[in-house]
file start_24.cif (mmCIF, C-alpha atoms)
data_query
#
loop_
_atom_site.label_atom_id
_atom_site.label_comp_id
_atom_site.auth_asym_id
_atom_site.auth_seq_id
_atom_site.Cartn_x
_atom_site.Cartn_y
_atom_site.Cartn_z
CA MET A 1 0.77 -26.05 36.84
CA ASN A 2 -0.51 -22.48 36.68
CA SER A 3 -4.12 -21.87 35.71
CA THR A 4 -4.97 -20.46 32.30
CA PHE A 5 -5.76 -17.15 33.95
CA GLU A 6 -2.35 -17.01 35.64
CA GLN A 7 -0.61 -17.78 32.36
CA VAL A 8 -2.60 -15.08 30.53
CA GLN A 9 -1.86 -12.72 33.41
CA ALA A 10 1.87 -13.38 32.93
CA ILE A 11 1.62 -12.74 29.17
CA ALA A 12 -0.26 -9.49 29.81
CA SER A 13 2.30 -8.47 32.40
CA ASP A 14 5.07 -8.80 29.78
CA ILE A 15 3.15 -7.03 27.04
CA PHE A 16 1.78 -4.14 29.06
CA GLY A 17 4.83 -3.75 31.30
CA LEU A 18 2.85 -4.06 34.52
CA PRO A 19 3.38 -6.24 37.60
CA ALA A 20 1.22 -9.37 37.32
CA GLY A 21 -0.46 -8.50 40.61
CA LYS A 22 -1.91 -5.34 39.05
CA ILE A 23 -3.59 -7.29 36.29
CA THR A 24 -7.00 -8.62 37.24
CA ALA A 25 -9.73 -10.46 35.35
CA GLU A 26 -11.44 -7.10 34.82
CA SER A 27 -8.34 -5.38 33.36
CA SER A 28 -9.21 -4.01 29.90
CA PRO A 29 -8.12 -1.34 27.41
CA GLU A 30 -10.02 1.15 29.54
CA THR A 31 -8.00 0.37 32.69
CA ILE A 32 -4.56 -0.43 31.22
CA GLU A 33 -3.01 2.67 29.75
CA ASN A 34 -0.94 1.13 26.95
CA TRP A 35 -3.49 -1.46 25.82
CA ASP A 36 -3.97 -0.03 22.34
CA SER A 37 -4.60 -1.65 18.94
CA MET A 38 -0.97 -2.68 18.55
CA GLN A 39 -0.71 -4.17 22.01
CA HIS A 40 -3.99 -5.96 21.52
CA LEU A 41 -2.53 -7.67 18.46
CA ASN A 42 0.59 -8.51 20.47
CA LEU A 43 -1.63 -10.05 23.14
CA VAL A 44 -3.50 -12.13 20.53
CA LEU A 45 -0.26 -13.37 18.97
CA ALA A 46 1.34 -14.15 22.32
CA VAL A 47 -1.72 -16.12 23.45
CA GLU A 48 -1.73 -18.08 20.18
CA GLU A 49 1.95 -18.88 20.58
CA LYS A 50 1.79 -19.78 24.27
CA PHE A 51 -1.25 -22.06 24.03
CA GLY A 52 -0.74 -23.33 20.47
CA VAL A 53 -4.18 -22.18 19.37
CA GLN A 54 -5.54 -20.23 16.41
CA LEU A 55 -7.93 -17.49 17.45
CA SER A 56 -10.80 -16.71 15.08
CA PRO A 57 -12.20 -13.18 14.65
CA GLU A 58 -15.10 -14.30 16.87
CA ASP A 59 -12.65 -15.34 19.60
CA ILE A 60 -10.73 -12.07 19.30
CA GLU A 61 -13.96 -10.11 19.53
CA GLN A 62 -14.65 -11.68 22.93
CA MET A 63 -11.23 -10.76 24.35
CA LYS A 64 -12.40 -7.53 25.95
CA ASN A 65 -10.61 -8.06 29.25
CA ILE A 66 -8.04 -10.44 30.72
CA GLY A 67 -10.64 -12.73 32.24
CA ALA A 68 -12.32 -13.06 28.85
CA VAL A 69 -8.99 -13.88 27.21
CA ALA A 70 -8.48 -16.77 29.65
CA ALA A 71 -12.07 -17.93 29.10
CA VAL A 72 -11.58 -17.98 25.31
CA VAL A 73 -8.42 -20.09 25.71
CA ASP A 74 -10.20 -22.51 28.05
CA LYS A 75 -13.10 -22.80 25.61
CA ILE A 76 -10.82 -23.59 22.65
CA GLN A 77 -8.74 -26.06 24.63
CA SER A 78 -11.74 -27.91 25.97
CA ALA A 79 -13.23 -28.09 22.45
CA THR A 80 -10.05 -29.69 21.08
CA ARG A 81 -9.57 -32.23 23.87
CA MET B 1 -24.17 -8.64 20.33
CA PRO B 2 -20.62 -9.24 19.08
CA ILE B 3 -18.86 -7.04 16.56
CA VAL B 4 -19.67 -8.34 13.09
CA ILE B 5 -17.58 -7.49 10.07
CA GLN B 6 -19.76 -7.45 7.03
CA PRO B 7 -20.00 -5.97 3.54
CA TYR B 8 -20.65 -2.24 3.62
CA LEU B 9 -24.25 -1.69 2.49
CA PRO B 10 -26.15 1.54 1.79
CA GLU B 11 -28.02 1.15 5.09
CA HIS B 12 -24.68 1.47 6.93
CA GLU B 13 -23.94 4.88 5.42
CA PRO B 14 -25.50 6.95 8.26
CA ALA B 15 -23.56 4.88 10.84
CA VAL B 16 -20.34 5.38 8.84
CA SER B 17 -21.02 9.11 8.81
CA GLU B 18 -21.34 9.04 12.62
CA PHE B 19 -18.15 6.96 12.84
CA ASN B 20 -16.33 9.58 10.78
CA GLN B 21 -17.67 12.33 13.04
CA ARG B 22 -16.36 10.50 16.14
CA LEU B 23 -12.91 10.19 14.52
CA ARG B 24 -12.86 13.91 13.76
CA ALA B 25 -14.07 14.74 17.27
CA GLY B 26 -11.24 12.54 18.58
CA GLY B 27 -8.75 14.81 16.89
CA GLU B 28 -7.96 12.73 13.83
CA ASP B 29 -6.92 14.31 10.54
CA GLU B 30 -9.97 15.29 8.50
CA ASN B 31 -8.70 13.01 5.72
CA MET B 32 -8.90 10.08 8.13
CA VAL B 33 -12.42 9.10 7.23
CA PHE B 34 -14.00 5.97 5.86
CA TYR B 35 -15.77 5.94 2.51
CA ARG B 36 -19.06 7.82 2.67
CA SER B 37 -20.64 5.72 -0.03
CA ALA B 38 -21.08 1.96 0.20
CA GLU B 39 -20.58 1.67 -3.56
CA PRO B 40 -16.86 2.03 -4.42
CA ARG B 41 -16.24 4.65 -7.07
CA TRP B 42 -13.07 2.83 -8.05
CA ILE B 43 -13.56 -0.54 -9.78
CA PRO B 44 -16.80 -1.61 -8.06
CA ARG B 45 -17.63 -5.31 -8.25
CA LYS B 46 -19.67 -6.42 -11.24
CA ALA B 47 -20.96 -9.86 -12.16
CA ASP B 48 -17.99 -10.84 -14.30
CA SER B 49 -15.27 -8.71 -12.64
CA ARG B 50 -11.71 -10.06 -12.39
CA ILE B 51 -10.58 -6.86 -10.68
CA TYR B 52 -12.81 -5.26 -8.09
CA ASN B 53 -12.79 -3.24 -4.93
CA GLU B 54 -15.08 -3.92 -1.95
CA PHE B 55 -15.65 -2.31 1.44
CA PHE B 56 -16.32 -3.98 4.78
CA VAL B 57 -17.45 -2.45 8.06
CA ALA B 58 -17.19 -3.58 11.69
CA VAL B 59 -20.66 -3.21 13.18
CA ASP B 60 -21.25 -3.30 16.93
CA ASN B 61 -24.97 -3.22 17.81
CA GLY B 62 -25.71 -1.09 14.77
CA VAL B 63 -22.75 1.23 15.44
CA VAL B 64 -19.86 1.21 12.95
CA ARG B 65 -16.49 0.93 14.74
CA GLY B 66 -14.22 0.51 11.73
CA GLY B 67 -13.87 -0.59 8.17
CA TYR B 68 -11.48 -1.60 5.43
CA ALA B 69 -11.26 -1.96 1.67
CA LEU B 70 -10.23 -5.09 -0.19
CA LYS B 71 -9.20 -5.08 -3.83
CA THR B 72 -9.23 -8.46 -5.55
CA GLN B 73 -7.07 -8.89 -8.61
CA GLU B 74 -5.37 -11.64 -10.62
CA PHE B 75 -1.61 -12.01 -10.25
CA LEU B 76 0.90 -14.14 -12.10
CA PHE B 77 3.06 -16.21 -9.72
CA PRO B 78 6.58 -17.65 -10.02
CA ASP B 79 5.12 -21.11 -10.75
CA GLY B 80 3.34 -19.70 -13.79
CA GLN B 81 -0.11 -19.92 -12.19
CA VAL B 82 -2.53 -17.01 -12.13
CA ARG B 83 -4.26 -16.57 -8.78
CA SER B 84 -6.70 -14.00 -7.42
CA ILE B 85 -5.21 -12.25 -4.43
CA GLY B 86 -6.39 -9.54 -2.07
CA TYR B 87 -5.03 -6.08 -1.40
CA TYR B 88 -5.93 -4.82 2.08
CA HIS B 89 -6.19 -1.04 2.17
CA HIS B 90 -7.72 1.92 4.00
CA PRO B 91 -8.27 0.09 7.31
CA LEU B 92 -9.70 2.44 9.89
CA SER B 93 -10.58 1.64 13.49
CA GLU B 94 -12.21 3.66 16.22
CA GLY B 95 -9.43 2.32 18.40
CA ILE B 96 -7.25 5.21 17.18
CA VAL B 97 -9.39 7.66 19.14
CA ASN B 98 -10.94 5.43 21.80
CA LYS B 99 -8.98 2.60 23.41
CA ALA B 100 -12.19 0.83 24.34
CA HIS B 101 -12.21 -0.25 20.70
CA ALA B 102 -8.59 -1.39 20.57
CA ILE B 103 -9.64 -4.83 19.35
CA VAL B 104 -11.13 -3.50 16.12
CA GLY B 105 -7.81 -3.12 14.26
CA THR B 106 -6.90 -6.75 14.85
CA LEU B 107 -10.41 -7.90 13.93
CA LEU B 108 -10.34 -6.05 10.62
CA LEU B 109 -7.00 -7.52 9.59
CA ARG B 110 -7.93 -11.05 10.69
CA ASP B 111 -11.22 -10.76 8.81
CA ALA B 112 -9.43 -9.75 5.60
CA MET B 113 -7.00 -12.65 6.06
CA GLN B 114 -9.92 -15.04 6.35
CA ARG B 115 -11.64 -13.67 3.26
CA SER B 116 -8.43 -13.57 1.25
CA PRO B 117 -5.54 -15.59 2.74
CA LEU B 118 -3.31 -14.54 -0.17
CA LEU B 119 -3.23 -10.95 1.01
CA TYR B 120 -0.85 -8.04 0.50
CA CYS B 121 -0.48 -4.45 1.64
CA LEU B 122 1.28 -1.68 -0.25
CA GLY B 123 2.30 1.87 0.57
CA MET B 124 1.43 2.51 4.22
CA GLY B 125 3.76 5.49 4.69
CA GLY B 126 6.70 3.73 6.30
CA TYR B 127 7.54 1.19 8.99
CA GLU B 128 6.77 3.58 11.85
CA ASN B 129 3.02 3.46 11.18
CA PRO B 130 0.68 1.11 13.08
CA LEU B 131 -0.36 -1.13 10.18
CA PRO B 132 3.16 -2.08 9.02
CA GLN B 133 4.13 -2.64 12.63
CA MET B 134 1.21 -5.05 12.96
CA LEU B 135 2.18 -6.86 9.76
CA VAL B 136 5.81 -7.21 10.77
CA ARG B 137 4.74 -8.48 14.18
CA MET B 138 2.53 -11.06 12.46
CA GLY B 139 5.48 -12.35 10.48
CA TRP B 140 4.53 -10.97 7.06
CA ALA B 141 7.34 -10.84 4.48
CA HIS B 142 8.12 -7.27 3.51
CA PHE B 143 10.41 -4.82 1.72
CA LEU B 144 10.54 -1.18 0.72
CA VAL B 145 9.68 -0.54 -2.92
CA PRO B 146 12.42 1.77 -4.27
CA PHE B 147 11.45 5.39 -4.88
CA PHE B 148 12.84 7.46 -7.76
CA PHE B 149 12.56 11.10 -8.72
CA HIS B 150 13.62 13.15 -11.70
CA VAL B 151 13.96 16.92 -11.43
CA LEU B 152 12.87 18.78 -14.56
CA SER B 153 12.95 22.32 -13.06
CA PRO B 154 15.94 22.31 -10.68
CA ALA B 155 15.71 25.95 -9.55
CA LYS B 156 12.01 25.65 -8.71
CA PHE B 157 12.67 22.29 -7.08
CA LEU B 158 15.28 23.78 -4.73
CA LEU B 159 12.94 26.59 -3.73
CA GLN B 160 9.86 24.45 -3.19
CA MET B 161 10.94 21.06 -1.95
CA GLN B 162 9.84 21.12 1.69
CA PRO B 163 11.33 17.79 2.90
CA LEU B 164 14.83 18.98 2.00
CA ARG B 165 14.40 22.41 3.62
CA THR B 166 14.70 21.09 7.12
CA SER B 167 17.01 23.67 8.67
CA ALA B 168 17.68 27.38 8.27
CA ALA B 169 21.17 26.70 6.91
CA ARG B 170 19.85 24.22 4.37
CA LYS B 171 17.12 26.65 3.31
CA ILE B 172 19.66 29.42 2.71
CA ALA B 173 21.98 27.08 0.81
CA MET B 174 19.12 25.82 -1.35
CA ASP B 175 17.85 29.35 -2.02
CA MET B 176 21.36 30.44 -3.03
CA ALA B 177 21.78 27.46 -5.31
CA ALA B 178 18.39 28.15 -6.85
CA PHE B 179 19.08 31.85 -7.51
CA SER B 180 22.69 31.40 -8.61
CA GLY B 181 21.75 28.65 -11.01
CA GLY B 182 24.14 26.32 -9.22
CA GLY B 183 21.35 23.92 -8.42
CA TRP B 184 20.17 23.84 -11.98
CA VAL B 185 23.67 23.27 -13.31
CA GLY B 186 24.45 20.56 -10.76
CA SER B 187 21.20 18.72 -11.18
CA LYS B 188 21.18 18.96 -14.98
CA LEU B 189 24.80 17.89 -15.21
CA PHE B 190 24.19 14.85 -13.07
CA GLN B 191 21.01 13.80 -14.83
CA SER B 192 22.60 14.43 -18.25
CA TYR B 193 25.60 12.37 -17.24
CA ARG B 194 23.32 9.53 -16.23
CA ARG B 195 21.50 9.76 -19.54
CA ILE B 196 24.67 10.06 -21.63
CA SER B 197 26.24 7.12 -19.86
CA ALA B 198 23.13 5.02 -20.39
CA PRO B 199 23.16 2.47 -23.21
CA ARG B 200 22.06 3.85 -26.56
CA VAL B 201 18.49 3.10 -27.43
CA SER B 202 17.61 2.65 -31.08
CA PRO B 203 14.85 4.93 -32.35
CA PHE B 204 11.39 4.37 -31.01
CA ALA B 205 8.08 6.19 -31.34
CA VAL B 206 5.74 7.22 -28.56
CA ARG B 207 2.03 7.20 -29.30
CA GLU B 208 -0.60 8.55 -26.96
CA VAL B 209 -3.73 6.40 -26.90
CA GLN B 210 -7.19 6.93 -25.44
CA GLU B 211 -7.45 3.33 -24.36
CA PHE B 212 -5.15 0.32 -24.50
CA ASP B 213 -6.22 -2.11 -27.17
CA GLY B 214 -5.06 -5.44 -28.60
CA LYS B 215 -1.54 -4.09 -29.17
CA ALA B 216 -0.94 -4.29 -25.44
CA GLN B 217 -1.65 -8.03 -25.36
CA PRO B 218 1.67 -9.20 -26.91
CA VAL B 219 3.47 -6.87 -24.49
CA TRP B 220 1.88 -8.75 -21.60
CA GLU B 221 2.52 -12.17 -23.15
CA GLN B 222 6.21 -11.45 -23.75
CA GLY B 223 6.91 -9.24 -20.76
CA LYS B 224 5.38 -11.43 -18.06
CA VAL B 225 8.22 -13.95 -18.30
CA THR B 226 10.58 -11.45 -16.68
CA CYS B 227 8.40 -11.12 -13.57
CA SER B 228 8.24 -13.40 -10.57
CA LEU B 229 5.03 -11.76 -9.34
CA THR B 230 2.96 -9.19 -11.15
CA ALA B 231 -0.65 -8.12 -11.41
CA VAL B 232 -2.02 -9.44 -14.69
CA ARG B 233 -1.62 -6.57 -17.13
CA ASP B 234 -3.34 -8.02 -20.16
CA VAL B 235 -5.49 -5.83 -22.34
CA ASP B 236 -8.70 -6.65 -20.45
CA ALA B 237 -7.11 -5.68 -17.12
CA LEU B 238 -5.74 -2.44 -18.58
CA LYS B 239 -9.20 -1.45 -19.81
CA VAL B 240 -10.55 -1.86 -16.29
CA LEU B 241 -7.66 -0.10 -14.57
CA TYR B 242 -7.29 2.75 -17.06
CA PRO B 243 -10.72 3.33 -18.59
CA THR B 244 -11.22 6.19 -21.01
CA SER B 245 -13.28 7.93 -18.32
CA GLU B 246 -10.05 8.61 -16.37
CA THR B 247 -9.16 11.62 -18.47
CA HIS B 248 -6.45 12.89 -16.12
CA LEU B 249 -4.23 9.91 -17.01
CA THR B 250 -2.10 9.78 -20.15
CA ARG B 251 -1.62 6.38 -21.73
CA ILE B 252 1.33 5.90 -24.06
CA GLU B 253 2.45 3.04 -26.22
CA VAL B 254 6.08 2.76 -27.24
CA GLU B 255 6.59 1.39 -30.73
CA ARG B 256 9.56 0.12 -32.64
CA GLY B 257 9.38 -1.05 -36.24
CA GLY B 258 5.61 -0.77 -36.16
CA ALA B 259 5.25 -3.10 -33.17
CA THR B 260 4.24 -2.07 -29.66
CA VAL B 261 7.10 -2.97 -27.31
CA GLY B 262 5.80 -1.39 -24.12
CA TRP B 263 3.40 1.03 -22.54
CA ALA B 264 3.17 3.43 -19.64
CA VAL B 265 0.53 5.40 -17.77
CA VAL B 266 1.53 8.82 -16.50
CA GLY B 267 -0.33 11.63 -14.79
CA GLU B 268 -0.26 14.54 -12.38
CA ARG B 269 -0.08 13.74 -8.70
CA ARG B 270 -2.49 15.38 -6.35
CA LYS B 271 -1.25 18.51 -4.59
CA ASP B 272 0.86 17.80 -1.55
CA ALA B 273 2.22 20.43 0.84
CA LYS B 274 5.65 18.83 0.89
CA TYR B 275 6.14 19.63 -2.79
CA GLY B 276 5.12 23.28 -2.43
CA ASN B 277 3.64 24.51 -5.71
CA LEU B 278 5.70 22.22 -7.90
CA ARG B 279 3.82 20.44 -10.66
CA VAL B 280 4.51 16.83 -9.82
CA GLY B 281 4.06 14.09 -12.36
CA SER B 282 4.11 10.38 -11.80
CA VAL B 283 4.99 7.33 -13.84
CA VAL B 284 2.02 5.46 -12.48
CA ASP B 285 2.48 2.16 -14.29
CA CYS B 286 4.55 0.61 -17.05
CA PHE B 287 5.23 -2.69 -18.76
CA ALA B 288 7.51 -3.80 -21.59
CA ILE B 289 8.76 -6.78 -23.51
CA PRO B 290 12.22 -7.93 -22.36
CA GLY B 291 14.97 -5.41 -23.17
CA GLU B 292 12.62 -2.47 -23.81
CA TRP B 293 12.44 -1.07 -20.28
CA LEU B 294 14.69 1.87 -21.09
CA SER B 295 12.72 3.01 -24.14
CA VAL B 296 9.48 2.94 -22.14
CA VAL B 297 11.00 4.97 -19.30
CA ARG B 298 12.34 7.50 -21.77
CA GLY B 299 9.00 7.67 -23.53
CA ALA B 300 7.16 8.22 -20.25
CA THR B 301 9.67 10.83 -19.08
CA ASP B 302 9.55 12.76 -22.36
CA THR B 303 5.75 12.73 -22.23
CA LEU B 304 5.72 14.26 -18.74
CA GLN B 305 8.42 16.76 -19.72
CA LYS B 306 6.29 17.94 -22.64
CA GLN B 307 3.41 18.42 -20.19
CA ASN B 308 5.61 20.90 -18.27
CA PHE B 309 5.98 19.04 -14.99
CA ASP B 310 8.68 20.21 -12.57
CA LEU B 311 9.31 16.88 -10.92
CA ILE B 312 8.56 13.23 -11.74
CA LEU B 313 8.13 10.54 -9.09
CA THR B 314 7.78 6.81 -9.32
CA ASN B 315 8.06 3.63 -7.25
CA GLN B 316 9.36 0.50 -8.92
CA SER B 317 10.18 -2.84 -7.36
CA HIS B 318 11.46 -4.81 -10.39
CA ARG B 319 15.23 -4.63 -10.81
CA GLU B 320 15.04 -4.09 -14.59
CA TRP B 321 12.75 -1.08 -14.16
CA ASP B 322 14.95 0.12 -11.29
CA GLN B 323 17.95 0.11 -13.63
CA ALA B 324 16.05 1.71 -16.50
CA PHE B 325 14.93 4.64 -14.32
CA ARG B 326 18.44 5.15 -12.98
CA LYS B 327 19.90 5.10 -16.49
CA THR B 328 17.38 7.74 -17.55
CA GLY B 329 18.69 10.14 -14.92
CA TYR B 330 16.31 9.38 -12.09
CA LEU B 331 17.73 9.58 -8.59
CA SER B 332 16.70 7.26 -5.80
CA GLY B 333 15.37 8.68 -2.56
CA PRO B 334 14.22 7.31 0.78
CA SER B 335 11.13 5.19 0.24
CA ASN B 336 8.16 4.89 2.56
CA PHE B 337 6.29 2.68 0.10
CA LEU B 338 6.17 -0.78 1.62
CA PHE B 339 5.14 -4.10 0.20
CA ALA B 340 4.07 -6.76 2.70
CA ALA B 341 2.81 -10.28 1.97
CA SER B 342 0.79 -12.50 4.30
CA LYS B 343 2.39 -15.80 5.26
CA PRO B 344 0.33 -17.88 2.78
CA LEU B 345 1.22 -15.44 -0.01
CA ALA B 346 4.91 -15.31 0.96
CA ALA B 347 5.00 -19.13 0.96
CA LEU B 348 4.24 -19.04 -2.77
CA LEU B 349 7.08 -16.56 -3.29
CA ASP B 350 9.80 -18.55 -1.59
CA PRO B 351 12.72 -17.76 -1.52
CA PHE B 352 11.30 -14.29 -0.91
CA ASP B 353 14.61 -12.41 -0.90
CA GLN B 354 15.40 -13.66 -4.39
CA THR B 355 11.87 -13.45 -5.74
CA LYS B 356 11.36 -9.86 -4.61
CA THR B 357 13.87 -8.44 -7.11
CA ARG B 358 11.65 -9.56 -9.99
CA MET B 359 8.29 -8.62 -8.49
CA HIS B 360 6.67 -5.85 -10.50
CA PHE B 361 4.91 -3.40 -8.20
CA THR B 362 4.25 0.21 -9.10
CA ARG B 363 2.06 2.92 -7.64
CA ALA B 364 -0.76 1.51 -9.76
CA ASP B 365 -0.85 -1.54 -7.51
CA GLY B 366 -1.60 0.64 -4.50
CA ASP B 367 -4.76 2.35 -3.41
CA GLY B 368 -4.02 5.58 -5.19
CA LEU B 369 -5.87 5.07 -8.42
CA PRO B 370 -7.64 6.73 -9.97
CA LYS B 371 -6.46 10.08 -8.56
CA ASN B 372 -4.29 9.66 -5.50
CA PHE B 373 -1.31 7.86 -7.02
#
call {"tool": "encode", "arguments": {"input": "start_24.cif", "output": "structure tokens"}}
result
Amino acid sequence: MNSTFEQVQAIASDIFGLPAGKITAESSPETIENWDSMQHLNLVLAVEEKFGVQLSPEDIEQMKNIGAVAAVVDKIQSATR
Amino acid sequence: MPIVIQPYLPEHEPAVSEFNQRLRAGGEDENMVFYRSAEPRWIPRKADSRIYNEFFVAVDNGVVRGGYALKTQEFLFPDGQVRSIGYYHHPLSEGIVNKAHAIVGTLLLRDAMQRSPLLYCLGMGGYENPLPQMLVRMGWAHFLVPFFFHVLSPAKFLLQMQPLRTSAARKIAMDMAAFSGGGWVGSKLFQSYRRISAPRVSPFAVREVQEFDGKAQPVWEQGKVTCSLTAVRDVDALKVLYPTSETHLTRIEVERGGATVGWAVVGERRKDAKYGNLRVGSVVDCFAIPGEWLSVVRGATDTLQKQNFDLILTNQSHREWDQAFRKTGYLSGPSNFLFAASKPLAALLDPFDQTKTRMHFTRADGDGLPKNF
């Protein structure tokens, strides 16, 4: 099974229209051209759908790059196990 | 420190001023600014308020990165219950000029949804704008609130109406129609036909009032049964929404046989380049007992006509008001005035497609009052 990071990377690849290999843990709105407010919401919704989680405003606030998105998902999943 | 969304306090005002300066420096429209004062001028919250407007700001290490306004108001629902719901308006994020803050827009909306799960948005300028796109993506229920206009000065309308003058050929045709009187004749004939073909309305009287009083209460009690969803428009709510201090609004009561059967609020819209120098009036709000929609629309229209407006605009979602405006000679036009309901709100309005035809939303339910309606 793919790691959380790899799954988030795949989601980001779909949303931002970039090859997965170009998306790193450090990728952020400042390095991905079309990561704007709308695409950020799309990322939040896609992560919620894929992992079956509900992200709080505090979680969303931490999602400043792809690595942080994966970390937030891991944190929520480990808290609910 | 994380971004914290919190009530807008006077100590945030300098940071909001700097936020507004960054938006302007980023090339945003000079009207795209957040409220300079932490205290809302429009229906600020008081101890016993049932209707109030509040501001919230997104603060990142003392720097304001965005903000939004939330109006709380009581609404009557299809199940007969009255619930307080939220109206999310004027969201503004630094993400529009700096992608480093792209998360702020989502944070603001999610924060409002946490504070007020029964949340709606209204207006928004059409589906192509970022906020409605976000709401649609989040699965909010939505529809366009129909738009109506009534031309009182057809020749001036043809000369001034910028949205219609989109090509050189159209401009020439409209100028010719205006000067030849063809436009006036055509428009008047059509609107007169609509009015003549409308059902006859037995005599009624229109009375201008300084403030709505107890006579408006039976109108609410009898009229609310025709609505699936409406803001509570009892006399106490009307006094808050249309206080005597708002002197630019005209309040009318429509009477028949000595009893008040409906009311309307009308006024002049703010100047807008797309209407040239036309004087544009608006039927801001209205309510009536069942069967009296037409007399109220006629009363409101006659009031604006006497005030020498060139054009009247209105948005009306309820099918009975829709029909009454059409029968009074109003024409429908493309609407960019959207209603959107959060999932928890839409769940109380199920089946939404049927319920929406009896929802009563007007421009008064938007963010335009007191002056930008």
call {"tool": "resolve_selection", "arguments": {"input": "start_24.cif", "expression": "the PyMOL selection byres ((chain B) within 9 of (chain A))", "output": "list in words"}}
result
Pro2, Ile3, Val4, Ser93, Gly95, Ile96, Asn98, Lys99, Ala100, His101, Ala102, Ile103, Val104, Gly105, Thr106, Leu107, Leu108, Arg110, Asp111, Gln114, Pro130, Leu131, Gln133, Met134, Arg137 and Met138 of chain B
call {"tool": "atom_distance", "arguments": {"input": "start_24.cif", "atom1": "CA of Leu144 (chain B)", "atom2": "CA of Gly125 (chain B)"}}
result
10.3 Å
call {"tool": "resolve_selection", "arguments": {"input": "start_24.cif", "expression": "the PyMOL selection byres ((chain B and resi 304-317) around 6)", "output": "MDAnalysis selection string"}}
result
chainID B and resid 145:153 278:283 301:303 318 360:362
call {"tool": "resolve_selection", "arguments": {"input": "start_24.cif", "expression": "the PyMOL selection byres ((chain B and resi 333-343) around 9)", "output": "PyMOL selection string"}}
result
chain B and resi 113+117-127+132+135-136+138-149+315+331-332+344-348+361+363
call {"tool": "write_last_selection", "arguments": {"input": "start_24.cif", "atoms": "C-alpha atoms", "output": "PDB file, keeping the file's coordinate frame"}}
result
ATOM      1  CA  MET B 113      -7.000 -12.650   6.060  1.00  0.00           C
ATOM      2  CA  PRO B 117      -5.540 -15.590   2.740  1.00  0.00           C
ATOM      3  CA  LEU B 118      -3.310 -14.540  -0.170  1.00  0.00           C
ATOM      4  CA  LEU B 119      -3.230 -10.950   1.010  1.00  0.00           C
ATOM      5  CA  TYR B 120      -0.850  -8.040   0.500  1.00  0.00           C
ATOM      6  CA  CYS B 121      -0.480  -4.450   1.640  1.00  0.00           C
ATOM      7  CA  LEU B 122       1.280  -1.680  -0.250  1.00  0.00           C
ATOM      8  CA  GLY B 123       2.300   1.870   0.570  1.00  0.00           C
ATOM      9  CA  MET B 124       1.430   2.510   4.220  1.00  0.00           C
ATOM     10  CA  GLY B 125       3.760   5.490   4.690  1.00  0.00           C
ATOM     11  CA  GLY B 126       6.700   3.730   6.300  1.00  0.00           C
ATOM     12  CA  TYR B 127       7.540   1.190   8.990  1.00  0.00           C
ATOM     13  CA  PRO B 132       3.160  -2.080   9.020  1.00  0.00           C
ATOM     14  CA  LEU B 135       2.180  -6.860   9.760  1.00  0.00           C
ATOM     15  CA  VAL B 136       5.810  -7.210  10.770  1.00  0.00           C
ATOM     16  CA  MET B 138       2.530 -11.060  12.460  1.00  0.00           C
ATOM     17  CA  GLY B 139       5.480 -12.350  10.480  1.00  0.00           C
ATOM     18  CA  TRP B 140       4.530 -10.970   7.060  1.00  0.00           C
ATOM     19  CA  ALA B 141       7.340 -10.840   4.480  1.00  0.00           C
ATOM     20  CA  HIS B 142       8.120  -7.270   3.510  1.00  0.00           C
ATOM     21  CA  PHE B 143      10.410  -4.820   1.720  1.00  0.00           C
ATOM     22  CA  LEU B 144      10.540  -1.180   0.720  1.00  0.00           C
ATOM     23  CA  VAL B 145       9.680  -0.540  -2.920  1.00  0.00           C
ATOM     24  CA  PRO B 146      12.420   1.770  -4.270  1.00  0.00           C
ATOM     25  CA  PHE B 147      11.450   5.390  -4.880  1.00  0.00           C
ATOM     26  CA  PHE B 148      12.840   7.460  -7.760  1.00  0.00           C
ATOM     27  CA  PHE B 149      12.560  11.100  -8.720  1.00  0.00           C
ATOM     28  CA  ASN B 315       8.060   3.630  -7.250  1.00  0.00           C
ATOM     29  CA  LEU B 331      17.730   9.580  -8.590  1.00  0.00           C
ATOM     30  CA  SER B 332      16.700   7.260  -5.800  1.00  0.00           C
ATOM     31  CA  PRO B 344       0.330 -17.880   2.780  1.00  0.00           C
ATOM     32  CA  LEU B 345       1.220 -15.440  -0.010  1.00  0.00           C
ATOM     33  CA  ALA B 346       4.910 -15.310   0.960  1.00  0.00           C
ATOM     34  CA  ALA B 347       5.000 -19.130   0.960  1.00  0.00           C
ATOM     35  CA  LEU B 348       4.240 -19.040  -2.770  1.00  0.00           C
ATOM     36  CA  PHE B 361       4.910  -3.400  -8.200  1.00  0.00           C
ATOM     37  CA  ARG B 363       2.060   2.920  -7.640  1.00  0.00           C
TER      38      ARG B 363
END
call {"tool": "atom_distance", "arguments": {"input": "start_24.cif", "atom1": "CA of Asn65 (chain A)", "atom2": "CA of Asp14 (chain A)"}}
result
15.7 Å
call {"tool": "residues_around", "arguments": {"input": "start_24.cif", "residues": "Thr226 (chain B)", "least_positions_apart": "4", "cutoff": "9 Å", "atoms": "all atoms listed in the file", "output": "list of chain:residue names"}}
result
B:Gln222, B:Ile289, B:Pro290, B:Glu320, B:Arg358, B:Met359
call {"tool": "atom_distance", "arguments": {"input": "start_24.cif", "atom1": "CA of Gln54 (chain A)", "atom2": "CA of Ser84 (chain B)"}}
result
24.7 Å
call {"tool": "closest_residue", "arguments": {"input": "start_24.cif", "among": "A:Ile11, A:Ile66, A:Leu18, A:Ala79", "to": "Glu49 (chain A)", "atoms": "only C-alpha atoms"}}
result
A:Ile11
